[in-house]
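Visitor: See data_12.tsv below, with TSV, C-alpha atoms.
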chain	number	residue	atom	x	y	z
A	262	MET	CA	36.17	-5.23	-23.31
A	263	PHE	CA	34.73	-1.69	-23.16
A	264	LYS	CA	31.60	-2.77	-25.04
A	265	SER	CA	31.12	-5.77	-22.73
A	266	ALA	CA	31.48	-3.56	-19.65
A	267	CYS	CA	28.95	-1.09	-21.03
A	268	LEU	CA	26.48	-3.89	-21.68
A	269	PHE	CA	27.04	-5.27	-18.18
A	270	PHE	CA	26.39	-1.95	-16.46
A	271	ALA	CA	23.43	-1.23	-18.73
A	272	GLY	CA	21.99	-4.55	-17.61
A	273	LEU	CA	22.46	-3.61	-13.96
A	274	ILE	CA	20.72	-0.28	-14.53
A	275	LEU	CA	17.83	-1.98	-16.31
A	276	LEU	CA	17.50	-4.52	-13.50
A	277	SER	CA	17.47	-1.69	-10.96
A	278	LEU	CA	14.69	0.05	-12.89
A	279	VAL	CA	12.67	-3.17	-13.06
A	280	ILE	CA	12.96	-3.76	-9.32
A	281	ASP	CA	12.18	-0.13	-8.49
A	282	GLY	CA	9.16	-0.40	-10.76
A	283	SER	CA	7.57	-3.46	-9.13
A	284	ALA	CA	8.43	-3.50	-5.44
A	285	CYS	CA	6.20	-3.31	-2.37
A	286	THR	CA	6.26	-3.74	1.39
A	287	THR	CA	3.24	-5.49	2.89
A	288	VAL	CA	1.74	-7.01	6.03
A	289	VAL	CA	-1.21	-9.18	7.04
A	290	ILE	CA	-2.35	-8.89	10.68
A	291	SER	CA	-4.61	-11.41	12.39
A	292	GLY	CA	-7.72	-10.05	14.11
A	293	LYS	CA	-6.71	-12.20	17.09
A	294	HIS	CA	-3.78	-9.86	17.69
A	295	SER	CA	-5.02	-6.46	16.46
A	296	THR	CA	-6.13	-3.81	18.93
A	297	ASP	CA	-9.84	-4.14	18.10
A	298	GLY	CA	-10.19	-7.73	16.86
A	299	ARG	CA	-10.25	-6.73	13.19
A	300	PRO	CA	-7.77	-8.24	10.71
A	301	VAL	CA	-5.69	-5.75	8.75
A	302	LEU	CA	-4.08	-5.89	5.33
A	303	TRP	CA	-1.48	-3.33	4.19
A	304	LYS	CA	0.29	-2.68	0.93
A	305	HIS	CA	2.88	0.05	0.46
A	306	ARG	CA	3.02	0.15	-3.32
A	307	ASP	CA	6.19	0.83	-5.31
A	308	THR	CA	5.86	1.02	-9.07
A	309	SER	CA	6.84	3.06	-12.12
A	310	PHE	CA	3.15	4.03	-12.50
A	311	LEU	CA	3.26	7.21	-10.40
A	312	GLN	CA	-0.35	8.27	-11.02
A	313	ASN	CA	-2.82	6.07	-9.14
A	314	LYS	CA	-6.54	6.35	-8.37
A	315	LEU	CA	-9.39	4.51	-6.70
A	316	MET	CA	-12.24	2.97	-8.67
A	317	TYR	CA	-15.59	1.60	-7.50
A	318	LEU	CA	-16.30	-1.34	-9.81
A	319	THR	CA	-19.54	-3.27	-10.34
A	320	ASP	CA	-18.47	-5.75	-13.04
A	321	GLY	CA	-18.44	-8.86	-10.84
A	322	GLN	CA	-20.56	-10.89	-8.49
A	323	TYR	CA	-19.61	-8.42	-5.78
A	324	ASP	CA	-19.02	-4.67	-5.92
A	325	TYR	CA	-15.47	-3.69	-5.00
A	326	ILE	CA	-13.13	-0.75	-4.53
A	327	GLY	CA	-9.66	-1.08	-6.03
A	328	LEU	CA	-6.40	0.77	-6.42
A	329	VAL	CA	-5.80	1.22	-10.15
A	330	ASN	CA	-3.19	2.84	-12.40
A	331	SER	CA	-4.69	6.14	-13.54
A	332	GLU	CA	-4.10	5.32	-17.20
A	333	ASP	CA	-6.25	2.18	-16.79
A	334	GLU	CA	-9.62	3.78	-17.56
A	335	GLU	CA	-11.65	0.57	-17.34
A	336	GLY	CA	-10.02	-0.91	-14.24
A	337	ARG	CA	-8.65	-3.98	-16.01
A	338	GLU	CA	-6.08	-4.57	-13.28
A	339	VAL	CA	-6.43	-3.96	-9.54
A	340	TRP	CA	-3.45	-3.57	-7.22
A	341	GLY	CA	-5.22	-3.90	-3.90
A	342	GLY	CA	-8.76	-3.52	-2.61
A	343	TYR	CA	-11.80	-5.14	-1.04
A	344	ASN	CA	-15.34	-6.17	-2.00
A	345	SER	CA	-18.85	-6.02	-0.57
A	346	ALA	CA	-18.45	-9.49	0.97
A	347	GLY	CA	-15.58	-8.20	3.11
A	348	PHE	CA	-12.94	-10.05	1.09
A	349	ALA	CA	-9.71	-8.07	0.60
A	350	ILE	CA	-6.54	-8.76	-1.34
A	351	MET	CA	-3.19	-7.20	-2.21
A	352	ASN	CA	0.22	-8.42	-3.37
A	353	SER	CA	3.92	-7.86	-3.38
A	354	ALA	CA	5.97	-9.00	-6.34
A	355	SER	CA	8.35	-11.85	-5.56
A	356	TYR	CA	11.63	-12.36	-7.34
A	357	ASN	CA	12.69	-15.77	-6.04
A	358	LEU	CA	9.86	-18.12	-7.02
A	359	ASN	CA	9.94	-18.54	-10.82
A	360	ILE	CA	13.73	-18.54	-11.07
A	361	ASP	CA	14.05	-21.48	-13.48
A	362	ASP	CA	10.64	-21.02	-15.09
A	363	THR	CA	10.79	-20.01	-18.78
A	364	THR	CA	7.06	-19.21	-19.05
A	365	SER	CA	6.53	-16.14	-21.22
A	366	LEU	CA	3.22	-15.12	-19.60
A	367	LYS	CA	4.03	-12.64	-16.80
A	368	ASP	CA	2.73	-9.72	-14.72
A	369	GLN	CA	-0.82	-11.02	-14.36
A	370	GLU	CA	-1.08	-10.24	-10.63
A	371	GLY	CA	-3.43	-7.29	-11.19
A	372	VAL	CA	-5.69	-9.45	-13.36
A	373	VAL	CA	-5.81	-12.23	-10.75
A	374	MET	CA	-6.61	-9.78	-7.94
A	375	LYS	CA	-9.41	-8.20	-9.96
A	376	LYS	CA	-10.91	-11.63	-10.60
A	377	ALA	CA	-10.66	-12.49	-6.91
A	378	LEU	CA	-12.48	-9.31	-5.89
A	379	GLN	CA	-15.20	-10.05	-8.42
A	380	VAL	CA	-16.05	-13.54	-7.13
A	381	CYS	CA	-14.47	-14.37	-3.76
A	382	THR	CA	-15.96	-14.15	-0.28
A	383	SER	CA	-13.36	-16.14	1.65
A	384	LEU	CA	-9.84	-17.50	1.73
A	385	ALA	CA	-11.25	-20.85	0.61
A	386	ASP	CA	-12.79	-19.18	-2.44
A	387	PHE	CA	-9.46	-17.61	-3.32
A	388	GLU	CA	-7.65	-20.91	-2.96
A	389	GLN	CA	-10.20	-22.54	-5.27
A	390	LEU	CA	-9.82	-19.69	-7.76
A	391	LEU	CA	-6.06	-20.17	-7.88
A	392	ARG	CA	-6.54	-23.89	-8.46
A	393	ASP	CA	-9.16	-23.37	-11.19
A	394	LEU	CA	-7.46	-20.63	-13.20
A	395	PRO	CA	-5.62	-21.85	-16.32
A	396	LYS	CA	-1.93	-22.56	-15.86
A	397	PRO	CA	0.56	-21.02	-16.11
A	398	LEU	CA	-0.95	-18.23	-14.00
A	399	GLY	CA	1.55	-15.62	-15.16
A	400	VAL	CA	2.33	-14.58	-11.58
A	401	GLU	CA	5.21	-14.56	-9.11
A	402	ALA	CA	3.76	-13.00	-6.00
A	403	ASN	CA	2.96	-12.94	-2.32
A	404	PHE	CA	-0.83	-12.45	-2.25
A	405	GLY	CA	-2.13	-11.18	1.10
A	406	VAL	CA	-5.80	-11.91	1.84
A	407	ILE	CA	-8.32	-11.31	4.65
A	408	ASP	CA	-12.04	-12.07	4.79
A	409	ALA	CA	-15.11	-11.23	6.88
A	410	SER	CA	-14.82	-14.49	8.85
A	411	GLY	CA	-11.45	-13.52	10.31
A	412	GLY	CA	-9.37	-15.37	7.73
A	413	ALA	CA	-5.90	-13.91	7.18
A	414	ALA	CA	-3.12	-15.44	5.10
A	415	TYR	CA	-0.37	-15.03	2.54
A	416	TYR	CA	-0.25	-17.16	-0.60
A	417	GLU	CA	3.21	-17.40	-2.14
A	418	THR	CA	2.18	-18.15	-5.70
A	419	THR	CA	4.11	-19.24	-8.79
A	420	ASN	CA	2.88	-20.03	-12.26
A	421	PHE	CA	1.96	-23.53	-11.08
A	422	ASP	CA	2.17	-23.80	-7.28
A	423	ILE	CA	0.68	-22.22	-4.14
A	424	ARG	CA	2.12	-22.13	-0.61
A	425	LYS	CA	-0.21	-20.86	2.13
A	426	TYR	CA	0.95	-19.09	5.31
A	427	ASP	CA	-1.93	-18.81	7.78
A	428	VAL	CA	-1.54	-15.68	9.91
A	429	ASN	CA	-4.00	-17.10	12.46
A	430	ASP	CA	-1.69	-20.06	13.09
A	431	PRO	CA	0.61	-19.29	16.06
A	432	LEU	CA	3.19	-21.72	14.69
A	433	VAL	CA	3.35	-19.68	11.48
A	434	ALA	CA	2.81	-16.18	12.88
A	435	PRO	CA	3.56	-16.29	16.62
A	436	HIS	CA	3.06	-12.54	17.04
A	437	GLY	CA	-0.08	-12.37	14.93
A	438	TYR	CA	1.30	-10.81	11.76
A	439	LEU	CA	3.44	-11.64	8.74
A	440	VAL	CA	5.51	-9.26	6.62
A	441	ARG	CA	6.47	-9.71	2.97
A	442	SER	CA	8.52	-7.55	0.62
A	443	ASN	CA	9.95	-8.75	-2.68
A	444	TYR	CA	10.98	-12.28	-1.93
A	445	SER	CA	9.11	-15.34	-0.68
A	446	MET	CA	9.91	-17.57	2.27
A	447	SER	CA	9.32	-20.65	0.13
A	448	GLY	CA	11.90	-19.52	-2.43
A	449	PRO	CA	15.70	-19.85	-2.32
A	450	ILE	CA	17.33	-17.89	0.50
A	451	ASP	CA	19.21	-14.70	-0.47
A	452	GLU	CA	17.38	-14.48	-3.81
A	453	GLY	CA	14.87	-11.73	-4.50
A	454	TYR	CA	14.81	-8.16	-3.17
A	455	GLY	CA	13.62	-5.98	-0.32
A	456	TYR	CA	15.50	-7.63	2.54
A	457	ILE	CA	16.39	-4.32	4.20
A	458	ARG	CA	12.83	-2.97	3.89
A	459	TYR	CA	11.53	-6.27	5.22
A	460	GLN	CA	13.74	-6.01	8.29
A	461	GLN	CA	12.63	-2.47	9.11
A	462	ALA	CA	8.97	-3.38	8.70
A	463	GLU	CA	9.52	-6.45	10.87
A	464	ASN	CA	11.13	-4.26	13.55
A	465	LEU	CA	8.14	-1.90	13.53
A	466	PHE	CA	5.45	-4.57	13.62
A	467	TYR	CA	7.27	-6.53	16.31
A	468	LEU	CA	7.23	-3.37	18.44
A	469	GLY	CA	3.59	-2.71	17.57
A	470	ALA	CA	2.66	-6.22	18.62
A	471	ALA	CA	4.54	-5.88	21.91
A	472	LEU	CA	2.74	-2.59	22.62
A	473	LYS	CA	-0.60	-4.06	21.48
A	474	GLN	CA	-1.02	-1.28	18.94
A	475	LEU	CA	-1.46	-3.29	15.74
A	476	ASP	CA	-4.16	-1.58	13.70
A	477	ALA	CA	-4.60	0.65	10.66
A	478	SER	CA	-3.72	3.83	12.55
A	479	TYR	CA	-0.40	2.32	13.70
A	480	ILE	CA	0.53	1.66	10.08
A	481	ILE	CA	-0.46	5.16	9.00
A	482	ARG	CA	1.26	6.94	11.88
A	483	HIS	CA	4.33	4.80	12.43
A	484	VAL	CA	5.14	2.48	9.53
A	485	THR	CA	4.44	3.68	6.00
A	486	ARG	CA	6.49	6.89	6.43
A	487	ASP	CA	9.17	5.45	8.68
A	488	LEU	CA	12.54	7.04	7.90
A	489	ARG	CA	14.85	4.62	9.68
A	490	HIS	CA	17.21	2.40	7.71
A	491	ALA	CA	17.51	-1.16	9.04
A	492	LEU	CA	21.04	-1.71	7.72
A	493	THR	CA	22.83	1.59	8.29
A	494	GLY	CA	20.91	2.77	11.35
A	495	VAL	CA	20.30	6.16	9.72
A	496	ASP	CA	17.19	7.93	11.05
A	497	LEU	CA	16.10	10.85	8.89
A	498	SER	CA	13.52	11.95	11.45
A	499	GLN	CA	16.32	12.98	13.83
A	500	ASN	CA	19.04	15.67	13.77
A	501	LEU	CA	17.16	17.61	11.12
A	502	PRO	CA	18.88	20.02	8.73
A	503	THR	CA	18.37	23.78	8.64
A	504	LYS	CA	16.56	25.56	5.82
A	505	ASN	CA	19.51	25.20	3.41
A	506	PRO	CA	19.06	22.33	0.91
A	507	THR	CA	20.60	19.12	2.21
A	508	PHE	CA	20.68	15.99	0.06
A	509	VAL	CA	20.90	12.47	1.46
A	510	PRO	CA	20.95	9.01	-0.17
A	511	PHE	CA	17.42	7.60	-0.18
A	512	GLU	CA	17.53	3.86	-0.86
A	513	ASP	CA	15.94	0.91	0.94
A	514	PHE	CA	13.79	2.87	3.37
A	515	ILE	CA	10.15	1.76	3.45
A	516	PRO	CA	9.14	4.91	1.53
A	517	ARG	CA	11.24	5.35	-1.62
A	518	TYR	CA	11.25	7.39	-4.80
A	519	SER	CA	9.13	4.68	-6.43
A	520	SER	CA	6.52	4.66	-3.62
A	521	VAL	CA	3.18	5.69	-5.10
A	522	ALA	CA	0.29	4.62	-2.85
A	523	ASP	CA	-0.86	2.78	0.25
A	524	VAL	CA	-3.85	0.51	0.71
A	525	ILE	CA	-4.83	-0.47	4.27
A	526	VAL	CA	-7.95	-2.62	4.62
A	527	GLN	CA	-9.45	-2.97	8.07
A	528	GLY	CA	-11.69	-6.02	8.29
A	529	VAL	CA	-14.49	-6.77	10.72
A	530	GLN	CA	-14.80	-8.39	14.14
A	531	THR	CA	-16.26	-11.87	14.49
A	532	GLY	CA	-20.00	-11.66	13.89
A	533	GLU	CA	-19.86	-8.09	12.59
A	534	SER	CA	-21.42	-7.23	9.22
A	535	ALA	CA	-19.02	-7.15	6.28
A	536	ALA	CA	-20.44	-3.69	5.56
A	537	HIS	CA	-18.19	-2.34	8.32
A	538	THR	CA	-15.05	-3.28	6.39
A	539	MET	CA	-13.19	-0.11	5.40
A	540	MET	CA	-10.13	0.89	3.43
A	541	TRP	CA	-7.61	3.66	3.98
A	542	THR	CA	-5.76	4.96	0.94
A	543	ILE	CA	-2.76	7.24	0.56
A	544	LEU	CA	-2.42	8.33	-3.07
A	545	GLY	CA	0.91	9.61	-4.31
A	546	PHE	CA	4.24	9.78	-2.48
A	547	GLN	CA	3.32	8.92	1.09
A	548	LEU	CA	5.41	11.74	2.62
A	549	THR	CA	3.58	14.36	0.57
A	550	SER	CA	0.08	12.91	0.83
A	551	VAL	CA	-2.55	12.09	3.47
A	552	ALA	CA	-4.61	9.02	4.32
A	553	LEU	CA	-8.32	8.97	3.51
A	554	PRO	CA	-10.95	6.30	4.32
A	555	VAL	CA	-13.58	4.76	2.02
A	556	TRP	CA	-16.45	2.32	2.48
A	557	ILE	CA	-18.30	0.22	-0.11
A	558	GLN	CA	-21.41	0.99	1.90
A	559	GLY	CA	-21.03	4.58	0.73
A	560	GLY	CA	-21.77	3.58	-2.86
A	561	PRO	CA	-19.96	4.30	-6.13
A	562	ASP	CA	-19.42	8.02	-5.49
A	563	LEU	CA	-16.03	7.94	-3.78
A	564	PRO	CA	-14.22	11.08	-2.57
A	565	LYS	CA	-13.46	13.18	-5.63
A	566	VAL	CA	-9.84	13.71	-4.60
A	567	LEU	CA	-9.25	9.93	-4.84
A	568	THR	CA	-10.85	9.33	-8.24
A	569	ALA	CA	-9.90	10.47	-11.72
A	570	ASP	CA	-11.10	13.93	-12.73
A	571	GLU	CA	-11.44	15.35	-16.25
A	572	THR	CA	-7.65	15.26	-16.65
A	573	GLY	CA	-7.62	11.50	-15.99
A	574	VAL	CA	-5.77	11.66	-12.66
A	575	ALA	CA	-6.82	11.80	-9.01
A	576	PRO	CA	-6.38	15.32	-7.57
A	577	LEU	CA	-4.75	14.14	-4.31
A	578	CYS	CA	-2.22	12.02	-6.21
A	579	ASP	CA	-1.44	14.88	-8.55
A	580	LYS	CA	-0.92	17.37	-5.72
A	581	SER	CA	1.28	14.90	-3.91
A	582	LEU	CA	3.48	14.42	-6.97
A	583	LYS	CA	3.91	18.17	-7.36
A	584	LEU	CA	5.23	18.32	-3.80
A	585	LYS	CA	7.34	15.21	-4.38
A	586	ASP	CA	9.23	17.13	-7.08
A	587	GLN	CA	10.51	19.44	-4.34
A	588	CYS	CA	11.85	16.39	-2.50
A	589	PHE	CA	13.61	15.05	-5.61
A	590	PRO	CA	14.46	18.16	-7.65
A	591	ILE	CA	17.48	16.67	-9.43
A	592	LYS	CA	16.20	15.00	-12.60
A	593	ARG	CA	19.46	14.14	-14.32
A	594	GLY	CA	21.56	11.08	-13.72
A	595	SER	CA	20.84	9.35	-10.41
A	596	GLY	CA	19.02	12.35	-8.96
A	597	LYS	CA	15.98	10.34	-7.94
A	598	ARG	CA	18.15	8.41	-5.48
A	599	TYR	CA	18.87	11.55	-3.45
A	600	LEU	CA	16.28	13.19	-1.22
A	601	ASN	CA	16.21	16.91	-0.52
A	602	TRP	CA	15.90	16.24	3.18
A	603	THR	CA	15.26	19.90	4.00
A	604	ALA	CA	12.20	20.06	1.77
A	605	LEU	CA	10.62	17.21	3.70
A	606	LEU	CA	11.76	17.87	7.28
A	607	ASN	CA	13.81	20.64	8.85
A	608	LYS	CA	14.54	22.32	12.17
A	609	GLU	CA	12.31	25.25	11.30
A	610	GLN	CA	9.33	22.86	11.06
A	611	THR	CA	8.52	24.11	7.54
A	612	GLY	CA	9.05	20.79	5.72
A	613	ILE	CA	6.30	19.34	3.57
A	614	TRP	CA	5.49	16.43	5.87
A	615	GLN	CA	5.72	18.65	8.94
A	616	LYS	CA	2.99	20.84	7.43
A	617	LEU	CA	0.84	17.92	6.28
A	618	GLN	CA	0.90	15.85	9.46
A	619	PRO	CA	-1.62	18.03	11.38
A	620	LEU	CA	-3.99	17.81	8.40
A	621	GLU	CA	-3.83	14.03	8.43
A	622	GLU	CA	-4.27	13.91	12.20
A	623	ARG	CA	-7.43	15.97	11.83
A	624	ILE	CA	-8.73	13.44	9.28
A	625	LEU	CA	-7.84	10.48	11.51
A	626	MET	CA	-9.54	12.02	14.52
A	627	GLU	CA	-12.67	13.00	12.62
A	628	THR	CA	-12.89	9.50	11.13
A	629	ASP	CA	-12.70	7.97	14.61
A	630	LYS	CA	-15.51	10.29	15.69
A	631	GLN	CA	-17.69	9.26	12.75
A	632	LEU	CA	-17.00	5.56	13.28
A	633	SER	CA	-18.09	5.84	16.91
A	634	LEU	CA	-21.38	7.32	15.77
A	635	TRP	CA	-21.91	4.81	12.96
A	636	ASN	CA	-21.13	1.84	15.19
A	637	LYS	CA	-24.12	2.87	17.29
A	638	LYS	CA	-26.64	3.75	14.60
A	639	GLY	CA	-25.34	1.75	11.63
A	640	LEU	CA	-23.65	2.67	8.37
A	641	GLN	CA	-25.84	4.81	6.14
A	642	ASN	CA	-25.00	5.81	2.58
A	643	LYS	CA	-26.07	9.42	3.16
A	644	ASP	CA	-23.81	9.77	6.22
A	645	ILE	CA	-20.80	8.37	4.37
A	646	GLN	CA	-21.46	10.66	1.40
A	647	SER	CA	-21.66	13.65	3.73
A	648	PHE	CA	-18.33	12.63	5.24
A	649	TYR	CA	-16.80	12.23	1.77
A	650	ARG	CA	-17.77	15.82	1.00
A	651	TRP	CA	-16.08	16.92	4.20
A	652	LEU	CA	-12.95	14.96	3.26
A	653	ASP	CA	-12.82	16.50	-0.21
A	654	GLN	CA	-13.20	20.03	1.10
A	655	THR	CA	-10.75	19.50	3.95
A	656	VAL	CA	-8.05	18.10	1.64
A	657	LEU	CA	-8.51	20.72	-1.09
A	658	ASP	CA	-8.57	23.59	1.40
A	659	GLY	CA	-5.59	22.14	3.25
A	660	TYR	CA	-3.32	21.83	0.22
A	661	GLN	CA	-4.34	25.26	-1.01
A	662	LYS	CA	-3.68	26.91	2.35
A	663	LEU	CA	-0.42	25.07	3.04
A	664	PHE	CA	1.14	24.98	-0.44
A	665	GLY	CA	-0.97	27.06	-2.80
A	666	ILE	CA	-1.88	24.07	-4.96
Would you kindly transcribe this structure into structure tokens?
Guide:
Amino acid sequence: MFKSACLFFAGLILLSLVIDGSACTTVVISGKHSTDGRPVLWKHRDTSFLQNKLMYLTDGQYDYIGLVNSEDEEGREVWGGYNSAGFAIMNSASYNLNIDDTTSLKDQEGVVMKKALQVCTSLADFEQLLRDLPKPLGVEANFGVIDASGGAAYYETTNFDIRKYDVNDPLVAPHGYLVRSNYSMSGPIDEGYGYIRYQQAENLFYLGAALKQLDASYIIRHVTRDLRHALTGVDLSQNLPTKNPTFVPFEDFIPRYSSVADVIVQGVQTGESAAHTMMWTILGFQLTSVALPVWIQGGPDLPKVLTADETGVAPLCDKSLKLKDQCFPIKRGSGKRYLNWTALLNKEQTGIWQKLQPLEERILMETDKQLSLWNKKGLQNKDIQSFYRWLDQTVLDGYQKLFGI
């Protein structure tokens, strides 16, 4: 009896680790409903691979920028990104599609997304790719896709089947967006994971749609770091603690211990060049990091803080993880499930995110300023490179001044 109980609870712990290691919250927004007519794709990545980086890759028909595990030196798998044709893709793992499937090939989502970025220009291309790839695909995922023609859709994809949800179809997405976490609408109800995160994201995007604020900046400012819990009603942004350490349970918020990066791709307006597609990235724990923009038009030299240095990790991600340790200082037992609330936010306004928020606002405002200029005179590689240098210096100086790292 005791041995059986131990095995049972060990299985539950292992399952919890698996889910924590492969969970995401995502959205696809139609350009017909965004604030500026540009479709938007967002992935809030949760994984056991804490160190992430950006890579500019030229090994396909199209150049592309992708989010990659830092240990993946060659960029064999991509976990979100976009290419020079304006095609963008991301995914969230689903856990209610391949329930009775005994296929041994699994976890090929990063391989499929890399292939798509190499060769696809449109949703139709991606659909053809999924049909043409050998079966079983080795996937169980909600793939979110946008393209330079305004296409926007989710593809709930199993080893053998595809179900498309067109975000431009008002019967499918009446408010112009669709949210997915770690279950699929075409799978059995109540199976899978992420229902509470899904509900909070749905609440936020429903409000954003009503206020006509759906764009990349809304996600950065109001969604990816949201600290409200859809089930319990807890709001960690209110009634802040004093400077004394205060620990709170930290499960099923949009940001979690396993949250490691954000990818937000902003597409182009109808008739606009695909070159104007851009991607925002937050590397590391979102509440200890800042959002930075990149453009394929800027060439392969991305901001240095977003790419691997001589140590093999991206400096921004590494700095973020150092600060994350202050938020989760208890390493034994279930310590990672309890947030040091005071380290993040407090009444004295000395919390990590309270210090970082003005730095990110400065970046957002300066990016808007640059985009206004570039929309008039066109995107030039030299201008983007100059802005990258400003971003690098601003981030490095900011973290050094604020935290001494």
Visitor: Hey, which bits of range 500-617 of chain A sit within 9 Å of range 343-353 of chain A, and for each residue what's the closest pair of atoms and how far apart in Å (one decimal), counting only C-alpha atoms, rows by chain and increasing number, as a Markdown table?
Guide:
| residue | atom | partner | partner_atom | distance |
| --- | --- | --- | --- | --- |
| A:Val524 | CA | A:Met351 | CA | 8.3 |
| A:Val526 | CA | A:Ala349 | CA | 7.0 |
| A:Gly528 | CA | A:Gly347 | CA | 6.8 |
| A:Val529 | CA | A:Gly347 | CA | 7.8 |
| A:Ser534 | CA | A:Gly347 | CA | 8.5 |
| A:Ala535 | CA | A:Gly347 | CA | 4.8 |
| A:Ala536 | CA | A:Ser345 | CA | 6.7 |
| A:His537 | CA | A:Gly347 | CA | 8.3 |
| A:Thr538 | CA | A:Gly347 | CA | 5.9 |
| A:Met539 | CA | A:Tyr343 | CA | 8.3 |
| A:Met540 | CA | A:Tyr343 | CA | 7.7 |
| A:Ile557 | CA | A:Ser345 | CA | 6.3 |
| A:Gln558 | CA | A:Ser345 | CA | 7.9 |
Visitor: For range 612-616 of chain A, please output as a ChimeraX atom specification all residues within 8 Å (counting all atoms listed in the file; exclusion window: fewer than 5 positions along the same chain).
Guide: /A:548-549,584,603-607,663
Visitor: Write out as a PyMOL selection string each polymer residue whose atoms come within 10 Å of range 368-383 of chain A, counting all atoms listed in the file; drop sequence neighbours fewer than 6 positions from it.
Guide: chain A and resi 283+318-329+336-354+389-391+394+398-404+406-413+418+420
Visitor: Distance CA of Thr419 in chain A-CA of His294 in chain A, one decimal place?
Guide: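 Interatomic distance, CA of Thr419 in chain A to CA of His294 in chain A: 29.2 Å.
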Visitor: Skipping near chain neighbours, those fewer than 6 positions away, what residues fall within 9 Å of range 650-652 of chain A using only C-alpha atoms, listed as a PDB file with C-alpha atoms, keeping the file's coordinate frame?
Guide:
ATOM      1  CA  LEU A 553      -8.320   8.970   3.510  1.00  0.00           C
ATOM      2  CA  PRO A 554     -10.950   6.300   4.320  1.00  0.00           C
ATOM      3  CA  PRO A 564     -14.220  11.080  -2.570  1.00  0.00           C
ATOM      4  CA  LYS A 565     -13.460  13.180  -5.630  1.00  0.00           C
ATOM      5  CA  VAL A 566      -9.840  13.710  -4.600  1.00  0.00           C
ATOM      6  CA  ILE A 624      -8.730  13.440   9.280  1.00  0.00           C
TER       7      ILE A 624
END
Visitor: Name the residues, using the chain letters and numbers of the file, that sit within 12 Å of (-20.2, 6.9, 12.7) when counting only C-alpha atoms, and give them as a list in words.
Guide: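 Residues lying no farther than 12 Å from the given point: His537, Trp556, Met626, Glu627, Thr628, Asp629, Lys630, Gln631, Leu632, Ser633, Leu634, Trp635, Asn636, Lys637, Lys638, Gly639, Leu640, Gln641, Asn642, Lys643, Asp644, Ile645, Gln646, Ser647 and Phe648 of chain A.
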Visitor: How many Å lie between CA of Asp487 in chain A and CA of Ala434 in chain A, rounded to one decimal?
Guide: 22.9 Å
Visitor: So the first atom is CA of Gly665 in chain A and the second is CA of Gln610 in chain A; what is the distance between them in Å, to one decimal place?
Guide: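 It comes out at 17.8 Å.
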Visitor: Range 439-450 of chain A, all listed atoms, 5 Å padding on each side: what axis-aligned box centre and edge lengths in Å to one decimal come out, as lines of an AutoDock Vina configuration file?
Guide:
center_x = 10.4
center_y = -14.1
center_z = 3.0
size_x = 23.9
size_y = 23.1
size_z = 21.4
Visitor: Write out as a ChimeraX atom specification each polymer residue whose atoms come within 12 Å of Ala471 in chain A, counting all atoms listed in the file; drop sequence neighbours fewer than 3 positions from it.
Guide: /A:294-296,435-438,464-468,474-475
Visitor: Neighbours of Pro397 in chain A within 8 Å (all atoms listed in the file; same-chain residues fewer than 4 positions away dropped), as a list in words?
Guide: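 Those residues are Thr364, Leu366, Asn420 and Phe421 of chain A.
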